[in-house]
Amino acid sequence: MGSAARNLEALTLALTLCAACTEPPRPEENRTATTAPASASAPASATIPASASAPALPTFPPDAEARLDAAIRGAVDRGEVPGAVLLVVKAHHVVLRKAYGLRAKEPSPSPMALGTVFDLASLTKPIATASSILLLVERNSLRLDDPAQKWLPDFTDDDRERVTIRHLLLHTSGLPAGDAITSYADGEARALARIQKTKLLHPPGEAHVYSDLGYILLGEIIRRASGEPLDEFARKNLFEPLGMMDTTFRPGPRLAARAAPTERVADELLLGEVHDPRARALGGVAGHAGLFSTADDLGRFVRMLLGGGEFEGRRILAETSVRAMTALEPLPLPEGSPDKPSSRSLALGSLFGGVGHTGFTGTAFWLDVRRGDAVVLLASRLHPDGKGDAARLRRDVANAAAAIPQGPPAARVRVGIDVLEARGFGVLAGRKIGLITNHTGKDARGERTIDVLAASKSFELKAIFSPEHGLGADKDALVPGGKDARTGLPIHSLYGTDRRPTDAMLAGLDTLVFDLQDAGTRFYTYISTMGYALEEAAKRRFRFVVLDRPNPLGGIVVEGPLVDPGRASFVAYHSIPVRHGMTVGELARLFDAEKKLGADLHVVPLEGWDRSFRFDKTGLPWINPSPNLRSITEALLYPGVGLLELTNVSVGRGTEKPFERVGAPFLSGARFAAELARFGLPGVRFSPIRFTPTSSTHAGVPCEGVALDVTDPAKIEPVRVGLAIAVALRRLYPEEWKPAGVLTLLGSARVHEALVRGEDLSHLVALYEQDLKAFSERRRPHLLYPEFDKDNR
């Protein structure tokens with residue numbers, strides 16, 4: 001939030017595993033389904049036992065297995081696929097491996113086997129190409145925000161200099177889906193040259209168009225950055241370390257003999273030879289297609305992702321890389337397009353959560369990181385005549401897999417609304433309620449707190465109050481009142497003409513309930529809204545009930561100066577540090593006691609929350625609390641980078657990565673990154689970057705600056721990072737940078753004056769260290785959850 005004028009939010013990066021990444025049909029290869037029956041639809045194997053060393057597997061009831069069997073047998077009997085192999089992971093364990101139907105119908109029928117090798121088609125993109133790019137990022141060989149032109153010098157003109165590696169990964173580069181197959185007739189080098197001159201369909205970053213061409217270029221970037229071709233790099237660094245011994249480009253005779261054929265090309269049945277015509281023209285190795293594998297090998301890959309990058313005690317990818325691959329990101333669509341990501345997500349099943357990818361040949365996988373679940377479904381729908389269709393099969397299998405009971409639930413935080421429901425709503429019995437909430441107010445079933453309370457017969461929900469950003473947490477302006485479409489209840493805005501509930505708003509009520517996900521930063525205004533409402537409730541002797549939610553930054557570390565006396569505002573409600581380490585329930589207790597409000601305050605606590613838990617450890621789904629806080633990473637950076645947003649630098653608003661970059665037209669990215677590196681700040685890396693914000697500070701103006709990569713969330717101290725950036729700006733650009741705006745969000749004139757004088761970082765931090773110790777003592781009586789030493793976090 002930052003200020004009333006500029007509100008805080010953030011965005012998560014989903015590289016290629018996303019609901020939108022369903023491979024569309026290629027224009028030159030459209031197929032229609034056939035209803036010709038297939039034979040031999042019985043499964044070849046059954047549920048696998050738990051290994052001796054593994055904990056008890058989640059339950060896998062026979063009716064769930066029967067639903068999966070019916071889904072796949074139905075596709076085989078309808079002639080949509082000749083057969084399939086299915087692998088299901090529940091709670092990180094493989095609980096089912098089955099083969100169904102036929103591997104091949106021609107030249108003679110051959111039964112499907114668990115070890116059948118499949119042409120993965122576009123599964124090549126996440127498994128080989130995106131993973132290899134992320135490994136190179138981890139090794140500092142390249143950066144996601146590198147211009148593609150850095151690695152492809154001929155990628156020039158037509159706005160191509162603005163295309164980054166990130167754009168290529170996300171299919172937002174502007175490149176079209178494909179090009180003419182005749183472009184590959186005179187060799188790989190000339191084909192790559194033509195792709196680099198292909199006209200962009202739209203400016204980089206402005207629309208999502210699924211593009212094989214972008215991934216072909218990524219494969220070439222991997223070769224140039226690593227010194228090895230994609231197939232060799234992926235084999236050495238991904239497949240062999242994971243034990244994926246049947247995963248390769250250009251399978252040799254051993255694997256080709258076990259391959260599921262696709263269709264005939266020039267009267268030859270493709271068997272162990274890539275079906276994709278561009279990959280075939282490029283010699284079988286390309287960034288968009290060409291990989292072959294088995295269900296068991298892909299099971300190892302998805303379990304590595306579910307394990308945060310580790311598998312069988314060996315780290316393959318960094319946690320940050322896995323989060324980048326598996327976080328959902330809304331993608332921009334071409335103007336006038338239907339909501340393709342939503343419609344395409346139905347191909348992955350309407351019930352199965354998480355992320356996934358499909359392949360043109362009939363392959364697919366999905367995973368839900370939060371639950372530790374995954375599905376691998378491999379079929380060769382193009383065999384024998386190219387007329388098969390796996391779309392219904394994918395939906396049916398995903399939905400059947402989603403319905404499998406989870407078994408004993410994993411340890412998970414229960415938020416206040418869930419605890420309130422479990423306790424029978426006793427604290428609200430007989431009362432007339434106004435609810436302060438937005439779309440983050442949901443229970444474990446995903447139901448709105450509004451609807452949960454409205455359905456009760458033991459009390460009456462009479463009004464809804466919305467904070468900054470509105471009920472959908474999607475507005476960056478003053479919020480009007482209105483009416484809730486589902487319940488018909490009035491919605492009163494607490495970020496419009498009024499910041500406090502008025503007499504008119506409170507008429508007929510005797511209780512206020514607060515259920516909002518806070519960001520853990522003092523200048524995020526949801527806690528100010530809570531404080532103002534608590535004051536108004538106390539004046540009227542209303543009951544005030546806080547449904548507690550986790551502090552996404554954890555509850556141990558406190559950082560930054562406290563607000564000076566007399567400097568309270570909507571972005572500085574009370575004298576607490578920038579990073580306060582308290583839940584909203586704990587803050588309500590502190591506000592009530594220190595302001596001597598005497599409120600009838602009730603906090604419904606969290607269950608299962610440990611103060612050491614950042615949000616990614618809670619098991620709860622991340623719901624953007626405001627338009628520019630779209631990821632846990634950005635929430636973590638916000639207390640520091642947010643301090644700068646009322647000055648004349650861009651903090652990334654109007655880009656794909658708000659609060660993960662800082663820049664201005666007057667900065668030199670390389671010089672600035674070098675200066676920041678000298679601070680030796682733990683848990684963060686600074687890299688030079690160029691970007692052009694589309695909104696907020698410097699909108700439409702090219703900027704240079706730094707990208708912030710969080711390398712260790714447990715070690716980063718975001719307020720120290722923000723102050724280091726301010727010190728570097730003051731040191732390098734004393735005339736250009738205007739630091740006055742820092743004071744509003746920093747809250748301490750003493751620290752601000754030291755910054756303006758040019759004092760070093762250690763001096764600024766020393767100015768408030770004693771205040772933090774005093775605050776730690778002040779907050780202790782109001783904590784609801786056990787306190788631990790910060791060194792043991």
# chains A, B, ... in the order shown; residues from 1 in each chain; ligands from 1
>>> select_by_dssp(residues="range 44-151 of chain A", states="strand (DSSP E or B)", output="PyMOL selection string")
chain A and resi 83-90+93-104+110-111+117-119+147
>>> write_last_selection(atoms="N, CA and C atoms", output="PDB file, in the first residue's frame")
ATOM      1  N   GLY A  83      -4.100 -46.070 -26.293  1.00  0.00           N
ATOM      2  CA  GLY A  83      -3.767 -46.513 -24.943  1.00  0.00           C
ATOM      3  C   GLY A  83      -3.137 -45.369 -24.182  1.00  0.00           C
ATOM      4  N   ALA A  84      -2.750 -45.629 -22.934  1.00  0.00           N
ATOM      5  CA  ALA A  84      -2.166 -44.573 -22.110  1.00  0.00           C
ATOM      6  C   ALA A  84      -1.434 -45.197 -20.940  1.00  0.00           C
ATOM      7  N   VAL A  85      -0.531 -44.403 -20.360  1.00  0.00           N
ATOM      8  CA  VAL A  85       0.113 -44.754 -19.098  1.00  0.00           C
ATOM      9  C   VAL A  85      -0.186 -43.622 -18.112  1.00  0.00           C
ATOM     10  N   LEU A  86      -0.581 -44.016 -16.902  1.00  0.00           N
ATOM     11  CA  LEU A  86      -0.979 -43.060 -15.868  1.00  0.00           C
ATOM     12  C   LEU A  86      -0.102 -43.252 -14.638  1.00  0.00           C
ATOM     13  N   LEU A  87       0.342 -42.148 -14.067  1.00  0.00           N
ATOM     14  CA  LEU A  87       1.072 -42.165 -12.801  1.00  0.00           C
ATOM     15  C   LEU A  87       0.461 -41.083 -11.912  1.00  0.00           C
ATOM     16  N   VAL A  88       0.120 -41.456 -10.683  1.00  0.00           N
ATOM     17  CA  VAL A  88      -0.509 -40.524  -9.745  1.00  0.00           C
ATOM     18  C   VAL A  88       0.357 -40.400  -8.498  1.00  0.00           C
ATOM     19  N   VAL A  89       0.599 -39.172  -8.090  1.00  0.00           N
ATOM     20  CA  VAL A  89       1.345 -38.876  -6.866  1.00  0.00           C
ATOM     21  C   VAL A  89       0.389 -38.212  -5.888  1.00  0.00           C
ATOM     22  N   LYS A  90       0.326 -38.714  -4.667  1.00  0.00           N
ATOM     23  CA  LYS A  90      -0.449 -38.092  -3.598  1.00  0.00           C
ATOM     24  C   LYS A  90       0.479 -37.874  -2.420  1.00  0.00           C
ATOM     25  N   HIS A  93       4.050 -39.058  -2.753  1.00  0.00           N
ATOM     26  CA  HIS A  93       4.323 -40.476  -2.978  1.00  0.00           C
ATOM     27  C   HIS A  93       3.573 -40.976  -4.207  1.00  0.00           C
ATOM     28  N   VAL A  94       4.249 -41.827  -5.001  1.00  0.00           N
ATOM     29  CA  VAL A  94       3.576 -42.469  -6.129  1.00  0.00           C
ATOM     30  C   VAL A  94       2.625 -43.520  -5.576  1.00  0.00           C
ATOM     31  N   VAL A  95       1.331 -43.342  -5.851  1.00  0.00           N
ATOM     32  CA  VAL A  95       0.339 -44.277  -5.324  1.00  0.00           C
ATOM     33  C   VAL A  95      -0.309 -45.110  -6.416  1.00  0.00           C
ATOM     34  N   LEU A  96      -0.097 -44.757  -7.686  1.00  0.00           N
ATOM     35  CA  LEU A  96      -0.712 -45.532  -8.759  1.00  0.00           C
ATOM     36  C   LEU A  96       0.146 -45.427 -10.012  1.00  0.00           C
ATOM     37  N   ARG A  97       0.391 -46.587 -10.668  1.00  0.00           N
ATOM     38  CA  ARG A  97       1.051 -46.654 -11.963  1.00  0.00           C
ATOM     39  C   ARG A  97       0.278 -47.672 -12.785  1.00  0.00           C
ATOM     40  N   LYS A  98      -0.253 -47.244 -13.908  1.00  0.00           N
ATOM     41  CA  LYS A  98      -1.039 -48.173 -14.727  1.00  0.00           C
ATOM     42  C   LYS A  98      -0.795 -47.929 -16.203  1.00  0.00           C
ATOM     43  N   ALA A  99      -0.844 -49.022 -16.956  1.00  0.00           N
ATOM     44  CA  ALA A  99      -0.797 -48.944 -18.414  1.00  0.00           C
ATOM     45  C   ALA A  99      -2.109 -49.487 -18.959  1.00  0.00           C
ATOM     46  N   TYR A 100      -2.652 -48.843 -19.971  1.00  0.00           N
ATOM     47  CA  TYR A 100      -3.958 -49.192 -20.524  1.00  0.00           C
ATOM     48  C   TYR A 100      -3.859 -49.323 -22.042  1.00  0.00           C
ATOM     49  N   GLY A 101      -4.607 -50.254 -22.606  1.00  0.00           N
ATOM     50  CA  GLY A 101      -4.790 -50.334 -24.042  1.00  0.00           C
ATOM     51  C   GLY A 101      -3.545 -50.747 -24.797  1.00  0.00           C
ATOM     52  N   LEU A 102      -3.354 -50.161 -25.956  1.00  0.00           N
ATOM     53  CA  LEU A 102      -2.292 -50.561 -26.871  1.00  0.00           C
ATOM     54  C   LEU A 102      -1.219 -49.481 -26.974  1.00  0.00           C
ATOM     55  N   ARG A 103       0.033 -49.937 -27.042  1.00  0.00           N
ATOM     56  CA  ARG A 103       1.141 -49.037 -27.369  1.00  0.00           C
ATOM     57  C   ARG A 103       1.091 -48.715 -28.856  1.00  0.00           C
ATOM     58  N   ALA A 104       0.812 -49.714 -29.657  1.00  0.00           N
ATOM     59  CA  ALA A 104       0.777 -49.549 -31.110  1.00  0.00           C
ATOM     60  C   ALA A 104      -0.350 -50.389 -31.705  1.00  0.00           C
ATOM     61  N   SER A 110       0.230 -54.074 -30.275  1.00  0.00           N
ATOM     62  CA  SER A 110       1.224 -54.288 -29.226  1.00  0.00           C
ATOM     63  C   SER A 110       0.695 -53.674 -27.935  1.00  0.00           C
ATOM     64  N   PRO A 111       0.643 -54.402 -26.835  1.00  0.00           N
ATOM     65  CA  PRO A 111       0.044 -53.867 -25.602  1.00  0.00           C
ATOM     66  C   PRO A 111       0.891 -52.741 -24.995  1.00  0.00           C
ATOM     67  N   VAL A 117       8.024 -45.588 -23.998  1.00  0.00           N
ATOM     68  CA  VAL A 117       8.664 -44.291 -24.217  1.00  0.00           C
ATOM     69  C   VAL A 117       7.770 -43.453 -25.129  1.00  0.00           C
ATOM     70  N   PHE A 118       7.491 -42.210 -24.713  1.00  0.00           N
ATOM     71  CA  PHE A 118       6.585 -41.338 -25.456  1.00  0.00           C
ATOM     72  C   PHE A 118       7.309 -40.110 -25.983  1.00  0.00           C
ATOM     73  N   ASP A 119       6.873 -39.659 -27.145  1.00  0.00           N
ATOM     74  CA  ASP A 119       7.264 -38.353 -27.678  1.00  0.00           C
ATOM     75  C   ASP A 119       6.512 -37.305 -26.853  1.00  0.00           C
ATOM     76  N   PRO A 147      18.220  -9.026 -22.043  1.00  0.00           N
ATOM     77  CA  PRO A 147      17.649  -8.937 -23.389  1.00  0.00           C
ATOM     78  C   PRO A 147      18.046 -10.180 -24.192  1.00  0.00           C
TER      79      PRO A 147
END
>>> residues_around(residues="range 710-718 of chain A", least_positions_apart="2", cutoff="10 Å", atoms="only C-alpha atoms", output="VMD selection string")
chain A and resid 138 318 to 321 553 to 554 557 to 560 578 to 579 612 to 614 632 to 642 660 681 to 686 707 to 708 720 to 724 793
>>> select_by_dssp(residues="range 172-400 of chain A", states="helix (DSSP H, G or I)", output="PyMOL selection string")
chain A and resi 181-184+188-196+212-226+230-242+253-256+277-281+295-306+319-326+340-348+391-400
>>> residues_around(residues="Leu270 in chain A", least_positions_apart="6", cutoff="12 Å", atoms="only C-alpha atoms", output="compact mmCIF listing (two decimals) with C-alpha atoms, in the first residue's frame")
# COMPACT_ATOMS: atom_id res chain seq x y z
CA ALA A 104 0.78 -49.55 -31.11
CA GLU A 106 0.28 -50.81 -36.51
CA PRO A 107 2.04 -52.60 -38.05
CA PHE A 118 6.58 -41.34 -25.46
CA ASP A 119 7.26 -38.35 -27.68
CA ALA A 256 13.05 -46.57 -29.83
CA ALA A 257 12.08 -50.23 -29.55
CA ALA A 259 8.46 -46.13 -28.08
CA ALA A 260 4.81 -45.45 -28.79
CA PRO A 261 4.58 -44.59 -32.50
CA THR A 262 2.82 -41.44 -33.66
CA GLU A 263 1.63 -41.18 -37.26
CA ARG A 264 2.98 -41.77 -40.74
CA ASP A 276 6.99 -32.08 -34.46
CA PRO A 277 8.06 -31.03 -37.98
CA ARG A 280 12.51 -32.89 -36.87
CA THR A 361 1.03 -35.72 -29.11
CA SER A 380 0.02 -41.10 -28.30
CA LEU A 382 -1.79 -39.27 -33.19
CA HIS A 383 -1.38 -43.02 -33.75
CA PRO A 384 -2.11 -44.40 -36.22
CA ASP A 385 -3.86 -41.82 -38.45
CA GLY A 386 -3.40 -38.47 -36.68
>>> residues_around(residues="Ala185 in chain A", least_positions_apart="3", cutoff="12 Å", atoms="only C-alpha atoms", output="ChimeraX atom specification")
/A:180-182,188-192,194,277-278,280-283
>>> residues_around(residues="Ser173 in chain A", least_positions_apart="2", cutoff="8 Å", atoms="only C-alpha atoms", output="PyMOL selection string")
chain A and resi 163-164+167-168+170-171+175+200+202-205+208+214
>>> atom_distance(atom1="CA of Gly747 in chain A", atom2="CA of Glu645 in chain A")
14.0 Å
>>> residues_around(residues="Ile623 in chain A", least_positions_apart="5", cutoff="9 Å", atoms="only C-alpha atoms", output="MDAnalysis selection string")
chainID A and resid 439:440 517 630:631
>>> closest_residue(among="A:Arg223, A:Lys442, A:His580, A:Arg757", to="Val563 in chain A", atoms="only C-alpha atoms")
A:His580
>>> closest_residue(among="A:His357, A:Asn438, A:Ser183, A:Arg139", to="Asp474 in chain A", atoms="only C-alpha atoms")
A:Asn438
>>> atom_distance(atom1="CA of Ala279 in chain A", atom2="CA of Asn140 in chain A")
28.4 Å
>>> residues_around(residues="range 234-245 of chain A", least_positions_apart="6", cutoff="9 Å", atoms="only C-alpha atoms", output="mmCIF file with all heavy atoms, in the first residue's frame")
data_model
loop_
_atom_site.group_PDB
_atom_site.id
_atom_site.type_symbol
_atom_site.label_atom_id
_atom_site.label_comp_id
_atom_site.auth_asym_id
_atom_site.auth_seq_id
_atom_site.Cartn_x
_atom_site.Cartn_y
_atom_site.Cartn_z
ATOM 1 N N ILE A 127 10.260 -29.143 -19.038
ATOM 2 C CA ILE A 127 11.134 -30.165 -18.459
ATOM 3 C C ILE A 127 12.585 -29.957 -18.845
ATOM 4 O O ILE A 127 13.485 -30.031 -17.995
ATOM 5 C CB ILE A 127 10.640 -31.569 -18.869
ATOM 6 C CG1 ILE A 127 9.272 -31.841 -18.215
ATOM 7 C CG2 ILE A 127 11.643 -32.640 -18.457
ATOM 8 C CD1 ILE A 127 8.578 -33.061 -18.771
ATOM 9 N N ALA A 128 12.844 -29.671 -20.110
ATOM 10 C CA ALA A 128 14.225 -29.493 -20.558
ATOM 11 C C ALA A 128 14.620 -28.023 -20.632
ATOM 12 O O ALA A 128 15.630 -27.605 -20.058
ATOM 13 C CB ALA A 128 14.425 -30.153 -21.920
ATOM 14 N N THR A 129 13.803 -27.221 -21.303
ATOM 15 C CA THR A 129 14.252 -25.878 -21.661
ATOM 16 C C THR A 129 14.142 -24.895 -20.498
ATOM 17 O O THR A 129 15.131 -24.256 -20.114
ATOM 18 C CB THR A 129 13.456 -25.369 -22.873
ATOM 19 O OG1 THR A 129 13.511 -26.367 -23.903
ATOM 20 C CG2 THR A 129 14.026 -24.064 -23.382
ATOM 21 N N SER A 131 13.738 -25.480 -17.330
ATOM 22 C CA SER A 131 14.574 -25.933 -16.215
ATOM 23 C C SER A 131 16.043 -25.626 -16.468
ATOM 24 O O SER A 131 16.782 -25.225 -15.553
ATOM 25 C CB SER A 131 14.388 -27.439 -15.988
ATOM 26 O OG SER A 131 13.063 -27.729 -15.623
ATOM 27 N N SER A 132 16.501 -25.799 -17.702
ATOM 28 C CA SER A 132 17.898 -25.498 -18.024
ATOM 29 C C SER A 132 18.174 -24.006 -17.910
ATOM 30 O O SER A 132 19.227 -23.594 -17.400
ATOM 31 C CB SER A 132 18.222 -25.987 -19.435
ATOM 32 O OG SER A 132 18.169 -27.402 -19.508
ATOM 33 N N LEU A 135 18.562 -23.207 -14.264
ATOM 34 C CA LEU A 135 19.867 -23.642 -13.765
ATOM 35 C C LEU A 135 20.957 -22.646 -14.151
ATOM 36 O O LEU A 135 21.840 -22.331 -13.337
ATOM 37 C CB LEU A 135 20.203 -25.028 -14.315
ATOM 38 C CG LEU A 135 19.629 -26.227 -13.578
ATOM 39 C CD1 LEU A 135 19.918 -27.511 -14.346
ATOM 40 C CD2 LEU A 135 20.204 -26.338 -12.168
ATOM 41 N N SER A 293 10.384 -39.604 -23.146
ATOM 42 C CA SER A 293 10.524 -40.053 -21.768
ATOM 43 C C SER A 293 9.433 -41.064 -21.435
ATOM 44 O O SER A 293 8.574 -41.383 -22.266
ATOM 45 C CB SER A 293 10.456 -38.864 -20.798
ATOM 46 O OG SER A 293 10.802 -39.270 -19.488
ATOM 47 N N THR A 294 9.470 -41.538 -20.187
ATOM 48 C CA THR A 294 8.482 -42.483 -19.669
ATOM 49 C C THR A 294 7.736 -41.852 -18.493
ATOM 50 O O THR A 294 8.166 -40.849 -17.916
ATOM 51 C CB THR A 294 9.172 -43.760 -19.170
ATOM 52 O OG1 THR A 294 10.019 -43.423 -18.059
ATOM 53 C CG2 THR A 294 10.009 -44.412 -20.256
ATOM 54 N N ASP A 296 7.450 -43.091 -15.497
ATOM 55 C CA ASP A 296 8.248 -43.191 -14.273
ATOM 56 C C ASP A 296 9.288 -42.079 -14.192
ATOM 57 O O ASP A 296 9.522 -41.499 -13.131
ATOM 58 C CB ASP A 296 8.939 -44.558 -14.191
ATOM 59 C CG ASP A 296 7.996 -45.663 -13.747
ATOM 60 O OD1 ASP A 296 6.948 -45.333 -13.170
ATOM 61 O OD2 ASP A 296 8.315 -46.841 -13.985
ATOM 62 N N ASP A 297 9.930 -41.781 -15.321
ATOM 63 C CA ASP A 297 10.914 -40.696 -15.306
ATOM 64 C C ASP A 297 10.246 -39.353 -15.004
ATOM 65 O O ASP A 297 10.766 -38.543 -14.229
ATOM 66 C CB ASP A 297 11.636 -40.622 -16.653
ATOM 67 C CG ASP A 297 12.872 -41.520 -16.690
ATOM 68 O OD1 ASP A 297 13.034 -42.338 -15.768
ATOM 69 O OD2 ASP A 297 13.674 -41.382 -17.630
ATOM 70 N N LEU A 298 9.096 -39.108 -15.627
ATOM 71 C CA LEU A 298 8.400 -37.848 -15.357
ATOM 72 C C LEU A 298 7.901 -37.798 -13.914
ATOM 73 O O LEU A 298 7.815 -36.720 -13.317
ATOM 74 C CB LEU A 298 7.238 -37.658 -16.327
ATOM 75 C CG LEU A 298 7.603 -37.483 -17.789
ATOM 76 C CD1 LEU A 298 6.405 -36.957 -18.578
ATOM 77 C CD2 LEU A 298 8.780 -36.555 -17.985
ATOM 78 N N ARG A 300 9.603 -38.805 -11.423
ATOM 79 C CA ARG A 300 10.753 -38.301 -10.673
ATOM 80 C C ARG A 300 10.866 -36.777 -10.812
ATOM 81 O O ARG A 300 11.175 -36.071 -9.853
ATOM 82 C CB ARG A 300 12.042 -38.988 -11.145
ATOM 83 C CG ARG A 300 12.020 -40.494 -10.977
ATOM 84 C CD ARG A 300 13.254 -41.168 -11.549
ATOM 85 N NE ARG A 300 14.389 -41.068 -10.641
ATOM 86 C CZ ARG A 300 14.625 -41.879 -9.622
ATOM 87 N NH1 ARG A 300 13.785 -42.868 -9.347
ATOM 88 N NH2 ARG A 300 15.689 -41.726 -8.859
ATOM 89 N N PHE A 301 10.619 -36.298 -12.025
ATOM 90 C CA PHE A 301 10.711 -34.852 -12.254
ATOM 91 C C PHE A 301 9.651 -34.104 -11.449
ATOM 92 O O PHE A 301 9.960 -33.107 -10.784
ATOM 93 C CB PHE A 301 10.552 -34.568 -13.752
ATOM 94 C CG PHE A 301 10.679 -33.103 -14.097
ATOM 95 C CD1 PHE A 301 11.917 -32.521 -14.254
ATOM 96 C CD2 PHE A 301 9.549 -32.313 -14.261
ATOM 97 C CE1 PHE A 301 12.048 -31.169 -14.572
ATOM 98 C CE2 PHE A 301 9.658 -30.966 -14.577
ATOM 99 C CZ PHE A 301 10.907 -30.395 -14.728
ATOM 100 N N MET A 304 10.415 -34.013 -7.811
ATOM 101 C CA MET A 304 11.461 -33.030 -7.514
ATOM 102 C C MET A 304 10.855 -31.637 -7.355
ATOM 103 O O MET A 304 11.182 -30.895 -6.415
ATOM 104 C CB MET A 304 12.505 -33.043 -8.629
ATOM 105 C CG MET A 304 13.631 -32.024 -8.494
ATOM 106 S SD MET A 304 13.272 -30.406 -9.229
ATOM 107 C CE MET A 304 13.267 -30.822 -10.978
ATOM 108 N N PHE A 311 15.290 -34.092 -4.607
ATOM 109 C CA PHE A 311 14.739 -35.425 -4.844
ATOM 110 C C PHE A 311 15.734 -36.454 -4.332
ATOM 111 O O PHE A 311 16.919 -36.419 -4.664
ATOM 112 C CB PHE A 311 14.466 -35.655 -6.328
ATOM 113 C CG PHE A 311 13.816 -36.973 -6.619
ATOM 114 C CD1 PHE A 311 12.503 -37.209 -6.231
ATOM 115 C CD2 PHE A 311 14.505 -37.982 -7.261
ATOM 116 C CE1 PHE A 311 11.892 -38.431 -6.481
ATOM 117 C CE2 PHE A 311 13.911 -39.208 -7.523
ATOM 118 C CZ PHE A 311 12.593 -39.430 -7.135
ATOM 119 N N GLU A 312 15.234 -37.333 -3.461
ATOM 120 C CA GLU A 312 16.040 -38.407 -2.873
ATOM 121 C C GLU A 312 17.338 -37.861 -2.277
ATOM 122 O O GLU A 312 18.421 -38.404 -2.471
ATOM 123 C CB GLU A 312 16.318 -39.493 -3.912
ATOM 124 C CG GLU A 312 15.045 -40.222 -4.343
ATOM 125 C CD GLU A 312 15.303 -41.333 -5.352
ATOM 126 O OE1 GLU A 312 16.410 -41.375 -5.939
ATOM 127 O OE2 GLU A 312 14.395 -42.163 -5.552
ATOM 128 N N ARG A 314 18.973 -35.149 -2.970
ATOM 129 C CA ARG A 314 19.870 -34.409 -3.856
ATOM 130 C C ARG A 314 19.149 -33.175 -4.396
ATOM 131 O O ARG A 314 18.017 -33.282 -4.873
ATOM 132 C CB ARG A 314 20.300 -35.299 -5.024
ATOM 133 C CG ARG A 314 21.333 -34.659 -5.942
ATOM 134 C CD ARG A 314 21.904 -35.684 -6.895
ATOM 135 N NE ARG A 314 23.001 -35.131 -7.676
ATOM 136 C CZ ARG A 314 23.765 -35.836 -8.500
ATOM 137 N NH1 ARG A 314 23.543 -37.133 -8.637
ATOM 138 N NH2 ARG A 314 24.753 -35.262 -9.163
ATOM 139 N N ARG A 315 19.796 -32.014 -4.303
ATOM 140 C CA ARG A 315 19.180 -30.797 -4.824
ATOM 141 C C ARG A 315 19.453 -30.692 -6.317
ATOM 142 O O ARG A 315 20.597 -30.734 -6.760
ATOM 143 C CB ARG A 315 19.695 -29.561 -4.098
ATOM 144 C CG ARG A 315 19.115 -28.263 -4.672
ATOM 145 C CD ARG A 315 19.073 -27.141 -3.692
ATOM 146 N NE ARG A 315 18.182 -27.363 -2.570
ATOM 147 C CZ ARG A 315 16.845 -27.239 -2.620
ATOM 148 N NH1 ARG A 315 16.263 -26.916 -3.753
ATOM 149 N NH2 ARG A 315 16.124 -27.457 -1.545
ATOM 150 N N ILE A 316 18.375 -30.504 -7.064
ATOM 151 C CA ILE A 316 18.459 -30.372 -8.516
ATOM 152 C C ILE A 316 18.268 -28.915 -8.926
ATOM 153 O O ILE A 316 19.037 -28.365 -9.708
ATOM 154 C CB ILE A 316 17.401 -31.259 -9.208
ATOM 155 C CG1 ILE A 316 17.497 -32.709 -8.696
ATOM 156 C CG2 ILE A 316 17.553 -31.178 -10.717
ATOM 157 C CD1 ILE A 316 18.811 -33.400 -8.970
ATOM 158 N N LEU A 317 17.227 -28.290 -8.397
ATOM 159 C CA LEU A 317 16.941 -26.880 -8.648
ATOM 160 C C LEU A 317 16.822 -26.152 -7.317
ATOM 161 O O LEU A 317 16.425 -26.748 -6.305
ATOM 162 C CB LEU A 317 15.624 -26.718 -9.419
ATOM 163 C CG LEU A 317 15.591 -27.140 -10.888
ATOM 164 C CD1 LEU A 317 14.158 -27.082 -11.417
ATOM 165 C CD2 LEU A 317 16.491 -26.257 -11.729
#
>>> closest_residue(among="A:Ser687, A:Ser626, A:Gln770, A:Thr247", to="Asp146 in chain A", atoms="only C-alpha atoms")
A:Ser687
>>> closest_residue(among="A:Asp212, A:Asp231, A:Asp396, A:Asp616", to="Leu169 in chain A", atoms="only C-alpha atoms")
A:Asp212
